[in-house]
>>> print(open('entry.tsv').read())   # TSV, C-alpha atoms
chain	number	residue	atom	x	y	z
A	1	MET	CA	0.00	0.00	0.00
A	2	ASN	CA	2.84	2.38	0.91
A	3	ARG	CA	4.65	1.53	-2.33
A	4	THR	CA	1.53	2.31	-4.39
A	5	LYS	CA	1.09	5.60	-2.53
A	6	TRP	CA	4.74	6.46	-3.23
A	7	LEU	CA	4.34	5.71	-6.96
A	8	ILE	CA	1.43	8.17	-7.33
A	9	HIS	CA	3.07	10.91	-5.25
A	10	PRO	CA	3.16	14.26	-7.15
A	11	VAL	CA	6.93	14.67	-6.60
A	12	PHE	CA	7.67	11.23	-8.06
A	13	ILE	CA	5.41	11.87	-11.05
A	14	LEU	CA	7.07	15.28	-11.65
A	15	ILE	CA	10.58	13.75	-11.60
A	16	ILE	CA	9.59	10.93	-13.95
A	17	SER	CA	7.90	13.38	-16.36
A	18	ILE	CA	10.94	15.67	-16.51
A	19	LEU	CA	13.33	12.73	-16.94
A	20	ALA	CA	11.18	11.33	-19.75
A	21	LEU	CA	11.07	14.71	-21.50
A	22	VAL	CA	14.82	15.32	-21.19
A	23	THR	CA	15.57	11.74	-22.32
A	24	SER	CA	13.32	12.20	-25.37
A	25	LEU	CA	15.15	15.41	-26.30
A	26	PHE	CA	18.55	13.74	-25.87
A	27	LEU	CA	17.54	10.73	-28.00
A	28	TYR	CA	16.12	13.00	-30.69
A	29	ILE	CA	19.34	15.04	-30.88
A	30	TYR	CA	21.44	11.87	-30.86
A	31	TRP	CA	19.29	10.32	-33.60
A	32	TYR	CA	19.41	13.51	-35.67
A	33	ILE	CA	23.21	13.72	-35.44
A	34	GLU	CA	23.58	10.06	-36.43
A	35	ILE	CA	21.27	10.56	-39.43
A	36	SER	CA	23.18	13.70	-40.46
A	37	SER	CA	26.49	11.84	-40.23
A	38	GLY	CA	25.14	9.06	-42.42
A	39	LEU	CA	23.84	11.55	-44.99
A	40	LYS	CA	27.19	13.35	-45.07
A	41	SER	CA	29.04	10.10	-45.82
A	42	ILE	CA	26.58	9.31	-48.65
A	43	VAL	CA	26.89	12.83	-50.10
A	44	THR	CA	30.70	12.64	-49.97
A	45	ARG	CA	30.83	9.15	-51.54
A	46	PHE	CA	28.56	9.97	-54.48
A	47	ASN	CA	29.63	13.62	-54.84
A	48	LEU	CA	26.03	14.89	-54.50
A	49	ASP	CA	24.67	18.39	-53.90
A	50	THR	CA	24.68	18.96	-50.08
A	51	GLY	CA	21.80	21.45	-50.35
A	52	GLN	CA	19.41	18.63	-51.28
A	53	PHE	CA	20.17	16.59	-48.17
A	54	LEU	CA	21.65	18.78	-45.47
A	55	THR	CA	20.22	22.05	-44.18
A	56	SER	CA	22.24	24.89	-42.72
A	57	HIS	CA	19.60	25.41	-40.01
A	58	THR	CA	20.14	22.08	-38.27
A	59	TRP	CA	21.61	23.47	-35.06
A	60	PHE	CA	19.16	26.37	-35.08
A	61	VAL	CA	16.27	23.88	-35.08
A	62	ILE	CA	17.90	21.92	-32.26
A	63	MET	CA	18.40	25.11	-30.24
A	64	VAL	CA	14.77	26.17	-30.70
A	65	LEU	CA	13.59	22.68	-29.79
A	66	THR	CA	15.74	22.77	-26.63
A	67	LEU	CA	14.26	26.15	-25.65
A	68	LEU	CA	10.73	24.84	-26.18
A	69	VAL	CA	11.44	21.81	-24.03
A	70	GLY	CA	12.87	24.16	-21.37
A	71	VAL	CA	9.64	26.20	-21.47
A	72	ILE	CA	7.60	23.00	-21.14
A	73	ILE	CA	9.66	21.88	-18.14
A	74	MET	CA	9.24	25.32	-16.53
A	75	GLY	CA	5.49	25.15	-17.13
A	76	ILE	CA	5.29	21.70	-15.55
A	77	PHE	CA	7.26	22.95	-12.55
A	78	ILE	CA	5.02	26.02	-12.11
A	79	ILE	CA	1.87	23.88	-12.29
A	80	PHE	CA	3.42	21.47	-9.80
A	81	VAL	CA	4.25	24.27	-7.31
A	82	TYR	CA	0.79	25.79	-7.74
A	83	ASN	CA	-0.89	22.44	-7.08
A	84	LEU	CA	1.25	21.89	-3.99
A	85	LYS	CA	0.25	25.34	-2.65
A	86	THR	CA	-3.40	24.62	-3.40
A	87	LEU	CA	-3.16	21.29	-1.57
A	88	ARG	CA	-1.46	22.97	1.38
A	89	LEU	CA	-4.15	25.69	1.51
A	90	TYR	CA	-6.83	23.00	1.43
A	91	ARG	CA	-5.23	21.22	4.38
A	92	LEU	CA	-4.91	24.49	6.32
A	93	GLN	CA	-8.56	25.33	5.62
A	94	HIS	CA	-9.59	21.83	6.72
A	95	ASN	CA	-7.58	22.28	9.91
A	96	PHE	CA	-9.14	25.72	10.42
A	97	ILE	CA	-12.69	24.39	9.98
A	98	ASN	CA	-12.09	21.56	12.44
A	99	ASN	CA	-10.60	23.80	15.10
A	100	PHE	CA	-12.93	26.74	14.52
A	101	THR	CA	-15.94	24.44	14.77
A	102	HIS	CA	-14.54	23.27	18.10
A	103	GLU	CA	-14.02	26.91	19.15
A	104	LEU	CA	-17.68	27.69	18.41
A	105	LYS	CA	-19.13	24.46	19.80
A	106	THR	CA	-17.46	24.71	23.22
A	107	PRO	CA	-19.04	28.02	24.37
A	108	VAL	CA	-22.41	27.07	22.81
A	109	THR	CA	-22.42	23.80	24.77
A	110	SER	CA	-21.45	25.66	27.91
A	111	LEU	CA	-24.23	28.25	27.43
A	112	LYS	CA	-26.78	25.49	26.89
A	113	LEU	CA	-25.69	23.77	30.10
A	114	TYR	CA	-26.01	26.95	32.17
A	115	LEU	CA	-29.42	27.79	30.68
A	116	GLU	CA	-30.70	24.29	31.44
A	117	THR	CA	-29.44	24.72	35.01
A	118	PHE	CA	-31.42	27.95	35.32
A	119	LEU	CA	-34.49	26.21	33.92
A	120	LYS	CA	-34.42	23.13	36.15
A	121	HIS	CA	-33.16	24.47	39.48
A	122	GLU	CA	-33.86	27.25	41.92
A	123	LEU	CA	-30.55	29.05	42.36
A	124	SER	CA	-29.43	31.52	44.94
A	125	ARG	CA	-28.60	35.04	43.84
A	126	GLU	CA	-24.92	34.33	44.38
A	127	ASN	CA	-24.99	31.27	42.10
A	128	GLN	CA	-27.06	33.13	39.54
A	129	LEU	CA	-24.46	35.88	39.32
A	130	LYS	CA	-21.67	33.31	39.08
A	131	TYR	CA	-23.35	31.45	36.19
A	132	ILE	CA	-24.27	34.69	34.45
A	133	GLN	CA	-20.62	35.71	34.59
A	134	TYR	CA	-19.64	32.39	32.98
A	135	MET	CA	-22.26	32.91	30.29
A	136	LEU	CA	-21.02	36.42	29.55
A	137	SER	CA	-17.51	35.01	29.21
A	138	ASP	CA	-18.77	32.41	26.71
A	139	THR	CA	-20.70	35.01	24.68
A	140	GLY	CA	-17.59	37.20	24.61
A	141	ARG	CA	-15.61	34.25	23.26
A	142	LEU	CA	-18.21	33.63	20.57
A	143	SER	CA	-18.27	37.32	19.66
A	144	GLU	CA	-14.48	37.37	19.37
A	145	ASP	CA	-14.44	34.41	16.96
A	146	ILE	CA	-17.23	35.85	14.79
A	147	ASN	CA	-15.56	39.26	14.69
A	148	ARG	CA	-12.33	37.69	13.45
A	149	ILE	CA	-14.13	36.17	10.49
A	150	LEU	CA	-15.88	39.47	9.70
A	151	ASN	CA	-12.65	41.44	10.09
A	152	LEU	CA	-10.83	38.98	7.85
A	153	ALA	CA	-13.37	39.55	5.06
A	154	GLN	CA	-13.16	43.35	5.43
A	155	ILE	CA	-9.37	43.52	5.51
A	156	GLU	CA	-8.81	41.14	2.58
A	157	SER	CA	-11.36	42.99	0.45
A	158	LYS	CA	-9.81	46.33	1.54
A	159	ARG	CA	-13.17	47.57	2.83
A	160	HIS	CA	-11.90	48.39	6.30
A	161	ALA	CA	-13.62	51.39	7.82
A	162	GLY	CA	-12.03	54.27	9.71
A	163	GLU	CA	-9.98	57.36	9.08
A	164	TYR	CA	-6.28	57.85	9.71
A	165	VAL	CA	-5.44	60.11	12.65
A	166	PHE	CA	-2.15	61.14	14.26
A	167	GLN	CA	-1.73	59.67	17.73
A	168	ASN	CA	1.08	59.26	20.21
A	169	LEU	CA	1.56	55.48	20.07
A	170	PRO	CA	2.94	54.84	23.59
A	171	GLU	CA	0.08	56.82	25.11
A	172	THR	CA	-2.47	55.15	22.78
A	173	ILE	CA	-1.25	51.66	23.71
A	174	GLU	CA	-1.21	52.39	27.45
A	175	ASN	CA	-4.74	53.86	27.34
A	176	PHE	CA	-6.05	50.91	25.33
A	177	TYR	CA	-4.84	48.27	27.78
A	178	ARG	CA	-5.91	50.30	30.79
A	179	LYS	CA	-9.46	50.77	29.45
A	180	ASN	CA	-9.74	47.11	28.41
A	181	SER	CA	-8.14	45.49	31.44
A	182	HIS	CA	-11.31	43.42	31.91
A	183	LEU	CA	-10.53	41.60	28.65
A	184	PHE	CA	-7.13	40.47	29.94
A	185	ARG	CA	-7.84	39.37	33.49
A	186	ASN	CA	-5.16	37.52	35.44
A	187	CYS	CA	-2.59	38.89	33.01
A	188	ASP	CA	0.23	41.29	33.87
A	189	ILE	CA	0.61	43.78	31.00
A	190	GLN	CA	3.32	46.37	31.51
A	191	VAL	CA	3.65	49.29	29.07
A	192	HIS	CA	7.10	50.86	29.50
A	193	LEU	CA	6.66	54.41	28.27
A	194	PRO	CA	9.68	56.14	26.70
A	195	LYS	CA	10.91	59.14	28.66
A	196	ASN	CA	10.28	62.60	27.25
A	197	GLU	CA	9.87	61.38	23.67
A	198	PRO	CA	6.44	61.00	22.03
A	199	TYR	CA	6.10	58.91	18.89
A	200	PHE	CA	3.26	60.23	16.77
A	201	TYR	CA	2.06	58.04	13.95
A	202	LEU	CA	-0.81	57.99	11.47
A	203	ILE	CA	-3.14	55.11	12.41
A	204	ILE	CA	-6.70	53.88	12.01
A	205	PRO	CA	-7.63	53.57	15.73
A	206	PRO	CA	-10.15	50.68	15.51
A	207	MET	CA	-7.81	48.58	13.37
A	208	PHE	CA	-4.75	49.38	15.47
A	209	GLU	CA	-6.67	48.30	18.57
A	210	MET	CA	-7.54	45.05	16.77
A	211	LEU	CA	-3.82	44.50	16.16
A	212	LEU	CA	-3.02	45.08	19.85
A	213	THR	CA	-5.81	42.75	20.94
A	214	ASN	CA	-4.65	39.94	18.67
A	215	LEU	CA	-1.02	40.18	19.77
A	216	VAL	CA	-1.86	40.10	23.47
A	217	THR	CA	-4.55	37.42	23.08
A	218	ASN	CA	-2.01	35.24	21.27
A	219	ALA	CA	0.54	35.76	24.05
A	220	ILE	CA	-2.03	34.75	26.68
A	221	LYS	CA	-3.36	31.76	24.75
A	222	TYR	CA	0.09	30.21	24.28
A	223	ASN	CA	1.16	30.58	27.90
A	224	LYS	CA	1.42	28.06	30.73
A	225	ALA	CA	2.50	30.49	33.45
A	226	ALA	CA	0.22	31.10	36.46
A	227	VAL	CA	0.23	34.78	35.53
A	228	PRO	CA	0.93	35.53	31.85
A	229	ARG	CA	3.21	38.56	31.62
A	230	ILE	CA	3.66	40.87	28.64
A	231	ASP	CA	6.18	43.71	28.56
A	232	ILE	CA	5.69	46.35	25.88
A	233	THR	CA	8.71	48.51	25.13
A	234	PHE	CA	9.57	51.16	22.54
A	235	GLU	CA	12.86	51.57	20.70
A	236	LYS	CA	13.87	54.03	18.01
A	237	GLN	CA	16.36	52.79	15.40
A	238	LYS	CA	17.29	55.39	12.80
A	239	LYS	CA	14.03	55.99	10.93
A	240	LYS	CA	12.13	53.10	12.49
A	241	LEU	CA	10.08	52.66	15.63
A	242	ILE	CA	10.13	49.14	17.07
A	243	ILE	CA	7.37	48.24	19.52
A	244	ARG	CA	8.24	44.98	21.28
A	245	PHE	CA	5.71	42.64	22.89
A	246	LYS	CA	7.73	40.27	25.08
A	247	ASP	CA	5.90	37.44	26.87
A	248	ASN	CA	6.72	34.56	29.21
A	249	GLY	CA	4.82	32.01	27.12
A	250	ILE	CA	5.65	28.61	25.71
A	251	GLY	CA	7.96	30.03	23.03
A	252	ILE	CA	8.16	29.21	19.34
A	253	ASP	CA	10.44	26.71	17.61
A	254	LYS	CA	12.59	28.22	14.85
A	255	PRO	CA	10.89	26.33	11.98
A	256	GLU	CA	7.56	27.87	13.09
A	257	LEU	CA	8.70	31.51	13.23
A	258	LYS	CA	8.05	32.30	9.56
A	259	LYS	CA	4.86	30.23	9.37
A	260	ILE	CA	2.83	31.68	12.23
A	261	PHE	CA	1.70	34.73	10.22
A	262	LYS	CA	0.22	32.63	7.42
A	263	LYS	CA	-3.52	32.36	6.97
A	264	PHE	CA	-5.12	29.53	8.96
A	265	TYR	CA	-1.73	28.39	10.27
A	266	GLN	CA	-1.81	26.97	13.78
A	267	VAL	CA	1.06	25.68	15.88
A	268	GLY	CA	0.50	21.98	16.46
A	269	ARG	CA	-0.45	18.98	14.39
A	270	ALA	CA	-3.77	19.09	12.59
A	271	ASP	CA	-4.45	15.37	13.05
A	272	ASP	CA	-4.33	15.40	16.87
A	273	MET	CA	-6.22	18.67	17.34
A	274	SER	CA	-3.38	20.11	19.42
A	275	ALA	CA	-3.53	23.38	17.51
A	276	LYS	CA	-5.20	26.26	19.29
A	277	GLY	CA	-7.49	29.03	18.11
A	278	SER	CA	-8.57	29.81	14.58
A	279	GLY	CA	-5.20	30.54	12.98
A	280	LEU	CA	-6.34	34.07	12.08
A	281	GLY	CA	-5.13	36.28	14.95
A	282	LEU	CA	-1.51	36.80	13.84
A	283	TYR	CA	-2.53	36.78	10.16
A	284	LEU	CA	-4.88	39.71	10.84
A	285	ALA	CA	-2.26	41.50	12.97
A	286	ASP	CA	0.30	41.18	10.18
A	287	HIS	CA	-2.14	42.54	7.57
A	288	ILE	CA	-3.11	45.47	9.79
A	289	ALA	CA	0.59	46.28	10.27
A	290	LYS	CA	1.03	46.32	6.47
A	291	ILE	CA	-1.98	48.64	6.11
A	292	HIS	CA	-0.08	51.00	8.45
A	293	LYS	CA	3.09	50.69	6.28
A	294	GLY	CA	4.77	48.47	8.86
A	295	LYS	CA	5.47	44.81	9.52
A	296	ILE	CA	5.57	42.29	12.36
A	297	THR	CA	8.41	39.88	13.10
A	298	ALA	CA	8.72	37.18	15.74
A	299	GLU	CA	11.65	36.02	17.85
A	300	SER	CA	12.05	33.20	20.35
A	301	ALA	CA	14.89	31.42	22.08
A	302	GLY	CA	12.97	28.17	21.79
A	303	SER	CA	10.38	26.07	23.57
A	304	ASP	CA	9.31	27.35	27.04
A	305	LYS	CA	11.53	30.44	26.69
A	306	GLY	CA	8.92	33.02	25.74
A	307	SER	CA	8.46	35.01	22.54
A	308	VAL	CA	8.97	38.54	21.30
A	309	PHE	CA	6.76	40.09	18.63
A	310	ASN	CA	8.18	43.23	17.01
A	311	LEU	CA	5.88	45.79	15.40
A	312	ILE	CA	8.16	47.81	13.11
A	313	LEU	CA	6.83	51.14	11.83
A	314	PRO	CA	8.64	53.74	9.69
A	315	LEU	CA	8.97	57.07	11.49
A	316	ARG	CA	7.92	60.13	9.54
A	317	SER	CA	8.83	63.76	10.06
>>> encode(input="entry.tsv", output="structure tokens")
Amino acid sequence: MNRTKWLIHPVFILIISILALVTSLFLYIYWYIEISSGLKSIVTRFNLDTGQFLTSHTWFVIMVLTLLVGVIIMGIFIIFVYNLKTLRLYRLQHNFINNFTHELKTPVTSLKLYLETFLKHELSRENQLKYIQYMLSDTGRLSEDINRILNLAQIESKRHAGEYVFQNLPETIENFYRKNSHLFRNCDIQVHLPKNEPYFYLIIPPMFEMLLTNLVTNAIKYNKAAVPRIDITFEKQKKKLIIRFKDNGIGIDKPELKKIFKKFYQVGRADDMSAKGSGLGLYLADHIAKIHKGKITAESAGSDKGSVFNLILPLRS
């Protein structure tokens, strides 16, 4: 069974196809040269007119044929790469659907359980408030997942709403996390403001807040510490402003660093459901950074050593 699967693998088929094409070209050229040599000997023996048997464009035809074969090989290779990317996207989408369905089903099941409890039992006011708080948490989780899908559609279609305004980024970031501390409970977020130096930048406030939310949510989600900690610092390098989000999370292996910003990509194997979230948070953050003429990079010393996400923005006069 494994041998049959190996024989129909796209890579094996591509190699066999290219080898067959190159071998055909080589045999054709070899055959043509042999025929030409035979004709030359006949022409020389019988003192015939060479123009009737041999053409002066022989090597030109061979060269053109070689170029055409090269174009065919390039076309096969491009189609092969495209099909591999399509297959990979299909697998990522399948992984996304499985995990996102789980993300939606969990809070819905929880809400149903709490509502049935309310229906069947007489609860004290204290228990009512406790269950209502759980239900609000579940609805917030549902709302977050739905908003990510809606935001994805808006950003990819370039229909994002909002006007650009100049804001002092350190102050904007500090105010955002202070006003939304209820969204990041049991998390220590420290914004280290630069001394005596404001950094004004042109941003779309709602989208920039979405970027901040996704970066911090990601740092909390991939964290095993009792209290997730995130330190936000600011550094000016020539004509760039680097905003660093350093966490004490589980870290990122080097092979994963360039993949985590891809659409639907989730750290973990798709077949054992170890991946977390929807695979859209960092993808959205990266796209929002590009809308603001910047980019996001990731660093990590390895597993269980935390991560650093760098938001790099060009400073303008």
>>> atom_distance(input="entry.tsv", atom1="CA of Pro314 in chain A", atom2="CA of Ala289 in chain A")
11.0 Å
>>> atom_distance(input="entry.tsv", atom1="CA of Ile252 in chain A", atom2="CA of Arg88 in chain A")
21.3 Å
>>> closest_residue(input="entry.tsv", among="A:Val191, A:Leu89, A:Leu282, A:Leu169", to="Leu315 in chain A", atoms="all atoms listed in the file")
A:Leu169
>>> residues_around(input="entry.tsv", residues="Asp304 in chain A", least_positions_apart="4", cutoff="9 Å", atoms="all atoms listed in the file", output="list in words")
Asn223, Lys224, Asn248, Gly249, Ile250, Gly251 and Ile252 of chain A
>>> closest_residue(input="entry.tsv", among="A:Leu123, A:Ile73, A:Leu211, A:Leu68", to="Leu19 in chain A", atoms="only C-alpha atoms")
A:Ile73
>>> residues_around(input="entry.tsv", residues="Val308 in chain A", least_positions_apart="3", cutoff="6 Å", atoms="all atoms listed in the file", output="compact mmCIF listing (two decimals) with C-alpha atoms, in the coordinates of the input")
# COMPACT_ATOMS: atom_id res chain seq x y z
CA PHE A 245 5.71 42.64 22.89
CA LYS A 246 7.73 40.27 25.08
CA ALA A 298 8.72 37.18 15.74
CA GLU A 299 11.65 36.02 17.85
>>> atom_distance(input="entry.tsv", atom1="CA of Lys221 in chain A", atom2="CA of Thr106 in chain A")
15.8 Å
>>> residues_around(input="entry.tsv", residues="Asp231 in chain A", least_positions_apart="5", cutoff="12 Å", atoms="only C-alpha atoms", output="JSON, numbers by chain")
{"A": [173, 174, 177, 187, 188, 189, 190, 191, 192, 193, 215, 216, 219, 243, 244, 245, 246, 247, 248, 249, 306, 307, 308, 309, 310]}
>>> residues_around(input="entry.tsv", residues="range 132-139 of chain A", least_positions_apart="6", cutoff="8 Å", atoms="only C-alpha atoms", output="PyMOL selection string")
chain A and resi 107-108+110-111+114
>>> closest_residue(input="entry.tsv", among="A:Lys130, A:Lys295, A:His287, A:His182", to="Met210 in chain A", atoms="all atoms listed in the file")
A:His287
>>> residues_around(input="entry.tsv", residues="range 194-205 of chain A", least_positions_apart="2", cutoff="8 Å", atoms="only C-alpha atoms", output="list in words")
Gly162, Glu163, Tyr164, Val165, Phe166, Gln167, Asn168, Leu169, Pro170, His192, Met207, Phe208, Glu209, Thr233, Phe234, His292, Leu315 and Arg316 of chain A
